[in-house]
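Since the structure comes first, as structure tokens, the remarks are kept for the end.
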Amino acid sequence: MASAVASASSMLCLSLQNPTKTLHFSIKTHSFHFLKPHLPAFRRYSGGVTPISPLRGFSCNCSSTNTTHYEFSDGSSEVELRLQLGGQDVLSAKDIFVDADGTSLTVKIQQAGSIITLIDTNSLFEKIKPAETIWYIDDDQLVISLKKQDPNLKWPDIMESWESLSAGSMQLLKGTSIYIVGDSTEINPKVARELAVALGYTPLVTKELLETFAKQTVDSWVLAKGSDSVAEAESAILESLSCHVRAVVATLGGSHGAAGRTDKWRHLYSGFSIWLSQTEATDEDSAKEEARRHIEDGNVGYTNADVVVKLQGWDADHAKSVAQASLSALKRLILSDKKLPGKKSLYIRLGCRGDWPNIKPPGWDPSTATDAPPPATLQN
């Protein structure tokens with residue numbers, strides 16, 4: 001974030017502890033307040049690690065004194081929100097307060113000397129142009145028109161949520177597959193299945209495919225032939241899956257699988273990779289410092305994956321929260337470079353030669369390349 005380190009993709013940190021516990025932390029001049037699970041977020045570029053807005057949707061910070069009914073529509077360059085004022089004794093426009101800024105929206109009305117909040121959220125689906133916000137009263141509705149910063153992005157709903165991310169990610173991914181990699185063979189499939197259901201993708205688990213092929217468990221395979229043999233077999237499976245679209249693939253965790261070895265990533269680059277990493281850090285600052293250290297040390301997952309999500313603790317009930325964090329991260333990554341899905345497609349068509357992200361011209365031979373990275377293994 002504040003310090004510059006070498007990197008090339010997008011990173012997030014997600015802490016999962018007591019889901020009812022509230023954490024408060026600050027990044028530079030911004031202060032964020034969320035219920036668990038909570039995410040301090042980073043976007044990584046070649047020049048360093050830069051802070052971005054925290055992921056929204058897990059606790060949308062949306063409140064009202066009564067159940068606020070609204071209608072939403074996307075009109076290409078702008079979105080329209082209609083809030084019901086039925087039963088509210090609103091005398092004039094002076095009784096209404098509307099504040100829109102970036103990805104936040106607050107709407108309050110004054111009634112009988114009291115202030116009533118109709119909506120208060122910092123989780124709009126994407127950024128708006130606050131200076132171009134228009135609102136007016138239409139019969140018993142308050143109509144708010146918000147100008148989108150990106151007119152080409154279709155908003156499924158006014159706020160970012162599990163449902164809106166699930167629907168909105170389809171237009172961004174364009175069928176590109178997703179690979180869930182990371183430390184845990186237990187966590188990867190659970191998150192992958194949540195993502196597959198949300199996106200309408202096919203869930204695939206390399207552990208199940210390996211055990212079906214070998215007719216033995218991965219653990220017994222490792223004992224009999226070593227982890228290199230298992231990683232080689234998983235790499236062969238990933239090669240066969242690399243030309244597939246609309247799949248969420250959960251890979252082996254730890255040092256047993258292909259994702260723990262730099263020289264086995266050539267087919268993982270065919271899709272968007274999400275590295276799920278558990279941490280023993282006790283606070284957000286420690287977790288962020290740990291992430292920076294892993295990047296500087298050249299840790300395979302942190303340097304190769306498109307998205308990194310750090311988990312402080314784990315509970316299977318949180319799988320959907322982790323999946324939501326991953327979708328939100330992918331959304332921001334793709335919006336920062338909308339050519340990424342097409343670039344992934346080109347990479348596949350050229351044969352997944354390992355030249356990601358700097359794709360070489362047709363005819364380039366990776367076996368004779370002088371800039372190929374040396375083999376590496378997963379660092380703990």
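Residue numbering restarts at 1 for every chain of the structure tokens, chains are lettered A, B, ... in their displayed order, and ligands are numbered from 1 as they appear.
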Those of region 137-362 of chain A in DSSP alpha helix (DSSP H), formatted as a ChimeraX atom specification
/A:162-173,187-199,206-214,218-225,227-241,284-296,300-304,319-336,340-349
Near-Ser73 (chain A) list (12 Å; only C-alpha atoms; drop same-chain fewer than 4 positions) as a ChimeraX atom specification:
/A:77-82,143-146,154-158
Write out as JSON lines the residues of region 146-258 of chain A that have any atom within 8 Å of an atom of region 273-276 of chain A, one row each with the nearest atom pair and its distance in Å to one decimal, counting only C-alpha atoms, sorted by chain and then rising number.
```
{"residue": "A:Ile178", "atom": "CA", "partner": "A:Ser273", "partner_atom": "CA", "distance": 5.8}
{"residue": "A:Tyr179", "atom": "CA", "partner": "A:Ser273", "partner_atom": "CA", "distance": 4.6}
{"residue": "A:Ile180", "atom": "CA", "partner": "A:Ile274", "partner_atom": "CA", "distance": 5.0}
{"residue": "A:Val181", "atom": "CA", "partner": "A:Trp275", "partner_atom": "CA", "distance": 4.8}
{"residue": "A:Gly182", "atom": "CA", "partner": "A:Leu276", "partner_atom": "CA", "distance": 4.5}
{"residue": "A:Asp183", "atom": "CA", "partner": "A:Leu276", "partner_atom": "CA", "distance": 6.5}
{"residue": "A:Ser184", "atom": "CA", "partner": "A:Leu276", "partner_atom": "CA", "distance": 7.8}
{"residue": "A:Asn188", "atom": "CA", "partner": "A:Leu276", "partner_atom": "CA", "distance": 7.4}
```
Could you give me, as a PyMOL selection string, each residue of region 191-301 of chain A that DSSP assigns to strand (DSSP E) when run on this structure's backbone?
chain A and resi 202-205+247-250+272-278
Those residues with all heavy atoms, as a tab-separated table (two decimals), in the first residue's frame please?
```tsv
chain	number	residue	atom	x	y	z
A	202	THR	N	-19.02	-24.56	-14.17
A	202	THR	CA	-18.85	-25.96	-13.79
A	202	THR	C	-17.80	-26.07	-12.69
A	202	THR	O	-16.67	-25.62	-12.88
A	202	THR	CB	-18.41	-26.81	-14.99
A	202	THR	OG1	-19.39	-26.71	-16.03
A	202	THR	CG2	-18.23	-28.27	-14.59
A	203	PRO	N	-18.13	-26.64	-11.53
A	203	PRO	CA	-17.12	-26.82	-10.48
A	203	PRO	C	-16.29	-28.08	-10.73
A	203	PRO	O	-16.83	-29.16	-10.99
A	203	PRO	CB	-17.97	-26.97	-9.21
A	203	PRO	CG	-19.25	-27.57	-9.69
A	203	PRO	CD	-19.48	-27.08	-11.09
A	204	LEU	N	-14.98	-27.92	-10.65
A	204	LEU	CA	-14.06	-29.05	-10.83
A	204	LEU	C	-13.04	-29.03	-9.70
A	204	LEU	O	-12.56	-27.97	-9.31
A	204	LEU	CB	-13.35	-28.97	-12.18
A	204	LEU	CG	-14.24	-29.06	-13.43
A	204	LEU	CD1	-13.46	-28.68	-14.67
A	204	LEU	CD2	-14.82	-30.46	-13.57
A	205	VAL	N	-12.71	-30.21	-9.19
A	205	VAL	CA	-11.76	-30.33	-8.09
A	205	VAL	C	-10.65	-31.28	-8.52
A	205	VAL	O	-10.90	-32.47	-8.76
A	205	VAL	CB	-12.46	-30.87	-6.82
A	205	VAL	CG1	-11.46	-30.95	-5.67
A	205	VAL	CG2	-13.64	-29.98	-6.43
A	247	ALA	N	-15.52	-22.57	-16.06
A	247	ALA	CA	-15.25	-23.57	-15.03
A	247	ALA	C	-14.57	-22.90	-13.85
A	247	ALA	O	-13.82	-21.93	-14.02
A	247	ALA	CB	-14.37	-24.69	-15.57
A	248	VAL	N	-14.85	-23.40	-12.65
A	248	VAL	CA	-14.12	-22.98	-11.45
A	248	VAL	C	-13.38	-24.21	-10.95
A	248	VAL	O	-13.99	-25.20	-10.56
A	248	VAL	CB	-15.05	-22.44	-10.35
A	248	VAL	CG1	-14.21	-21.95	-9.16
A	248	VAL	CG2	-15.91	-21.31	-10.87
A	249	VAL	N	-12.06	-24.15	-11.00
A	249	VAL	CA	-11.22	-25.30	-10.69
A	249	VAL	C	-10.55	-25.10	-9.34
A	249	VAL	O	-9.82	-24.13	-9.14
A	249	VAL	CB	-10.16	-25.52	-11.78
A	249	VAL	CG1	-9.32	-26.75	-11.47
A	249	VAL	CG2	-10.80	-25.62	-13.16
A	250	ALA	N	-10.80	-26.03	-8.42
A	250	ALA	CA	-10.13	-26.01	-7.11
A	250	ALA	C	-8.92	-26.92	-7.19
A	250	ALA	O	-9.03	-28.10	-7.53
A	250	ALA	CB	-11.08	-26.49	-6.02
A	272	PHE	N	-8.41	-16.81	-14.42
A	272	PHE	CA	-8.11	-15.90	-13.31
A	272	PHE	C	-7.85	-16.74	-12.06
A	272	PHE	O	-8.68	-17.55	-11.65
A	272	PHE	CB	-9.28	-14.95	-13.07
A	272	PHE	CG	-9.42	-13.90	-14.13
A	272	PHE	CD1	-10.47	-13.95	-15.04
A	272	PHE	CD2	-8.50	-12.87	-14.23
A	272	PHE	CE1	-10.58	-12.98	-16.03
A	272	PHE	CE2	-8.61	-11.90	-15.22
A	272	PHE	CZ	-9.66	-11.96	-16.12
A	273	SER	N	-6.69	-16.55	-11.48
A	273	SER	CA	-6.28	-17.34	-10.32
A	273	SER	C	-6.48	-16.55	-9.03
A	273	SER	O	-6.16	-15.37	-8.96
A	273	SER	CB	-4.80	-17.77	-10.45
A	273	SER	OG	-3.98	-16.64	-10.67
A	274	ILE	N	-7.01	-17.24	-8.03
A	274	ILE	CA	-7.27	-16.64	-6.72
A	274	ILE	C	-6.52	-17.46	-5.67
A	274	ILE	O	-6.83	-18.63	-5.45
A	274	ILE	CB	-8.77	-16.63	-6.39
A	274	ILE	CG1	-9.55	-15.86	-7.47
A	274	ILE	CG2	-9.02	-16.02	-5.02
A	274	ILE	CD1	-11.05	-15.99	-7.35
A	275	TRP	N	-5.54	-16.84	-5.04
A	275	TRP	CA	-4.73	-17.52	-4.04
A	275	TRP	C	-5.35	-17.26	-2.66
A	275	TRP	O	-5.41	-16.12	-2.20
A	275	TRP	CB	-3.29	-17.03	-4.08
A	275	TRP	CG	-2.37	-17.74	-3.14
A	275	TRP	CD1	-2.12	-17.43	-1.83
A	275	TRP	CD2	-1.59	-18.90	-3.42
A	275	TRP	NE1	-1.23	-18.31	-1.28
A	275	TRP	CE2	-0.88	-19.23	-2.23
A	275	TRP	CE3	-1.41	-19.69	-4.55
A	275	TRP	CZ2	-0.01	-20.32	-2.16
A	275	TRP	CZ3	-0.54	-20.77	-4.48
A	275	TRP	CH2	0.15	-21.07	-3.29
A	276	LEU	N	-5.81	-18.32	-2.01
A	276	LEU	CA	-6.37	-18.22	-0.66
A	276	LEU	C	-5.28	-18.59	0.34
A	276	LEU	O	-4.77	-19.71	0.31
A	276	LEU	CB	-7.56	-19.17	-0.50
A	276	LEU	CG	-8.69	-18.99	-1.52
A	276	LEU	CD1	-9.81	-20.00	-1.26
A	276	LEU	CD2	-9.24	-17.58	-1.51
A	277	SER	N	-4.95	-17.67	1.20
A	277	SER	CA	-3.81	-17.86	2.10
A	277	SER	C	-4.21	-17.61	3.54
A	277	SER	O	-4.73	-16.54	3.87
A	277	SER	CB	-2.66	-16.92	1.71
A	277	SER	OG	-1.58	-17.03	2.61
A	278	GLN	N	-3.99	-18.58	4.40
A	278	GLN	CA	-4.25	-18.40	5.82
A	278	GLN	C	-3.07	-17.70	6.48
A	278	GLN	O	-1.92	-17.87	6.08
A	278	GLN	CB	-4.52	-19.74	6.50
A	278	GLN	CG	-5.83	-20.38	6.07
A	278	GLN	CD	-6.11	-21.68	6.79
A	278	GLN	OE1	-5.55	-22.72	6.46
A	278	GLN	NE2	-6.96	-21.62	7.79
```
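Of the listed residues (A:Ala196, A:Leu311, A:Ala93, A:Leu209), A:Ala196 comes nearest to Ser166 (chain A); the distances count only C-alpha atoms.
For region 222-229 of chain A, the non-local neighbours within 8 Å, defined as residues at least 5 positions apart in the same chain or in other chains and counting only C-alpha atoms, are Ser255, His256 and Gly257 of chain A.
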Kindly export the residues of the current selection with N, CA, C and O atoms, as a compact mmCIF listing (two decimals), in the first residue's frame.
```txt
# COMPACT_ATOMS: atom_id res chain seq x y z
N SER A 255 2.19 -27.63 -0.54
CA SER A 255 3.34 -27.89 -1.42
C SER A 255 3.14 -29.10 -2.31
O SER A 255 4.01 -29.41 -3.13
N HIS A 256 2.00 -29.80 -2.18
CA HIS A 256 1.80 -31.02 -2.97
C HIS A 256 1.42 -30.72 -4.42
O HIS A 256 1.71 -31.50 -5.31
N GLY A 257 0.73 -29.60 -4.64
CA GLY A 257 0.15 -29.36 -5.95
C GLY A 257 1.00 -28.55 -6.89
O GLY A 257 2.07 -28.04 -6.55
```
Near region 97-114 of chain A, counting only C-alpha atoms, which residues have an atom at most 9 Å away, once you skip same-chain residues fewer than 2 positions from it, shown as JSON, numbers by chain?
{"A": [62, 88, 89, 90, 91, 93, 94, 95, 116, 117, 118, 119, 120, 121, 122, 123, 124, 125, 126, 127, 128, 129, 130, 131, 133, 135, 144, 146, 159]}
I'd like a table as JSON lines: residues in region 135-251 of chain A with an atom no more than 10 Å from region 261-267 of chain A, each row giving the shortest atom pair and its distance in Å to one decimal, only C-alpha atoms counted, sorted by chain and rising residue number.
```
{"residue": "A:Asp228", "atom": "CA", "partner": "A:Arg261", "partner_atom": "CA", "distance": 9.6}
{"residue": "A:Ala231", "atom": "CA", "partner": "A:Lys264", "partner_atom": "CA", "distance": 8.1}
{"residue": "A:Glu232", "atom": "CA", "partner": "A:Lys264", "partner_atom": "CA", "distance": 8.0}
{"residue": "A:Glu234", "atom": "CA", "partner": "A:Lys264", "partner_atom": "CA", "distance": 9.2}
{"residue": "A:Ser235", "atom": "CA", "partner": "A:Lys264", "partner_atom": "CA", "distance": 6.2}
{"residue": "A:Ala236", "atom": "CA", "partner": "A:His267", "partner_atom": "CA", "distance": 9.2}
{"residue": "A:Ile237", "atom": "CA", "partner": "A:His267", "partner_atom": "CA", "distance": 9.5}
{"residue": "A:Leu238", "atom": "CA", "partner": "A:His267", "partner_atom": "CA", "distance": 6.0}
{"residue": "A:Glu239", "atom": "CA", "partner": "A:His267", "partner_atom": "CA", "distance": 5.6}
{"residue": "A:Ser240", "atom": "CA", "partner": "A:His267", "partner_atom": "CA", "distance": 8.8}
{"residue": "A:Leu241", "atom": "CA", "partner": "A:His267", "partner_atom": "CA", "distance": 8.3}
{"residue": "A:Ser242", "atom": "CA", "partner": "A:His267", "partner_atom": "CA", "distance": 5.7}
{"residue": "A:Cys243", "atom": "CA", "partner": "A:His267", "partner_atom": "CA", "distance": 9.0}
```
Using the selection just defined, write its residues with all heavy atoms as a compact mmCIF listing (two decimals), in the first residue's frame.
```
# COMPACT_ATOMS: atom_id res chain seq x y z
N ASP A 228 6.33 -34.48 -5.81
CA ASP A 228 6.64 -34.08 -7.19
C ASP A 228 5.81 -34.87 -8.19
O ASP A 228 5.37 -34.32 -9.21
CB ASP A 228 8.13 -34.30 -7.48
CG ASP A 228 9.01 -33.28 -6.79
OD1 ASP A 228 8.48 -32.24 -6.33
OD2 ASP A 228 10.23 -33.51 -6.69
N ALA A 231 2.30 -33.38 -8.13
CA ALA A 231 2.28 -32.08 -8.81
C ALA A 231 2.35 -32.24 -10.32
O ALA A 231 1.69 -31.51 -11.07
CB ALA A 231 3.44 -31.21 -8.31
N GLU A 232 3.13 -33.21 -10.77
CA GLU A 232 3.25 -33.47 -12.21
C GLU A 232 1.92 -33.95 -12.77
O GLU A 232 1.49 -33.52 -13.85
CB GLU A 232 4.34 -34.51 -12.46
CG GLU A 232 4.78 -34.62 -13.91
CD GLU A 232 5.50 -33.38 -14.41
OE1 GLU A 232 6.24 -32.77 -13.63
OE2 GLU A 232 5.29 -33.02 -15.60
N GLU A 234 -1.08 -33.40 -11.44
CA GLU A 234 -2.06 -32.31 -11.42
C GLU A 234 -1.79 -31.34 -12.55
O GLU A 234 -2.72 -30.79 -13.15
CB GLU A 234 -2.02 -31.57 -10.08
CG GLU A 234 -3.13 -30.53 -9.98
CD GLU A 234 -3.12 -29.71 -8.70
OE1 GLU A 234 -2.02 -29.43 -8.18
OE2 GLU A 234 -4.21 -29.35 -8.23
N SER A 235 -0.54 -31.11 -12.87
CA SER A 235 -0.19 -30.22 -13.97
C SER A 235 -0.76 -30.74 -15.29
O SER A 235 -1.23 -29.97 -16.13
CB SER A 235 1.33 -30.07 -14.07
OG SER A 235 1.70 -29.18 -15.11
N ALA A 236 -0.73 -32.07 -15.46
CA ALA A 236 -1.29 -32.67 -16.67
C ALA A 236 -2.81 -32.45 -16.72
O ALA A 236 -3.38 -32.20 -17.80
CB ALA A 236 -0.97 -34.16 -16.71
N ILE A 237 -3.47 -32.54 -15.56
CA ILE A 237 -4.92 -32.28 -15.51
C ILE A 237 -5.20 -30.82 -15.85
O ILE A 237 -6.13 -30.51 -16.61
CB ILE A 237 -5.47 -32.64 -14.13
CG1 ILE A 237 -5.50 -34.16 -13.95
CG2 ILE A 237 -6.86 -32.06 -13.93
CD1 ILE A 237 -5.96 -34.61 -12.58
N LEU A 238 -4.40 -29.92 -15.30
CA LEU A 238 -4.59 -28.49 -15.57
C LEU A 238 -4.37 -28.18 -17.05
O LEU A 238 -5.06 -27.32 -17.61
CB LEU A 238 -3.63 -27.66 -14.71
CG LEU A 238 -3.89 -27.70 -13.20
CD1 LEU A 238 -2.77 -26.99 -12.45
CD2 LEU A 238 -5.24 -27.08 -12.86
N GLU A 239 -3.46 -28.89 -17.67
CA GLU A 239 -3.25 -28.70 -19.10
C GLU A 239 -4.51 -29.07 -19.89
O GLU A 239 -4.91 -28.36 -20.81
CB GLU A 239 -2.07 -29.54 -19.58
CG GLU A 239 -1.79 -29.40 -21.07
CD GLU A 239 -0.58 -30.19 -21.52
OE1 GLU A 239 0.02 -30.89 -20.69
OE2 GLU A 239 -0.25 -30.12 -22.72
N SER A 240 -5.14 -30.18 -19.50
CA SER A 240 -6.35 -30.61 -20.21
C SER A 240 -7.53 -29.68 -19.94
O SER A 240 -8.43 -29.56 -20.76
CB SER A 240 -6.71 -32.04 -19.80
OG SER A 240 -7.12 -32.10 -18.45
N LEU A 241 -7.51 -29.00 -18.78
CA LEU A 241 -8.61 -28.10 -18.43
C LEU A 241 -8.40 -26.67 -18.94
O LEU A 241 -9.33 -25.87 -18.93
CB LEU A 241 -8.78 -28.05 -16.90
CG LEU A 241 -9.20 -29.34 -16.20
CD1 LEU A 241 -9.25 -29.12 -14.69
CD2 LEU A 241 -10.55 -29.82 -16.71
N SER A 242 -7.19 -26.37 -19.38
CA SER A 242 -6.85 -24.99 -19.71
C SER A 242 -7.64 -24.44 -20.89
O SER A 242 -7.80 -23.22 -21.01
CB SER A 242 -5.35 -24.86 -20.00
OG SER A 242 -4.99 -25.67 -21.12
N CYS A 243 -8.14 -25.31 -21.77
CA CYS A 243 -8.92 -24.83 -22.91
C CYS A 243 -10.41 -24.77 -22.60
O CYS A 243 -11.21 -24.37 -23.45
CB CYS A 243 -8.67 -25.72 -24.13
SG CYS A 243 -9.12 -27.44 -23.88
```
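Here CA of Gly175 (chain A) stands at a distance of 4.8 Å from CA of Arg246 (chain A).
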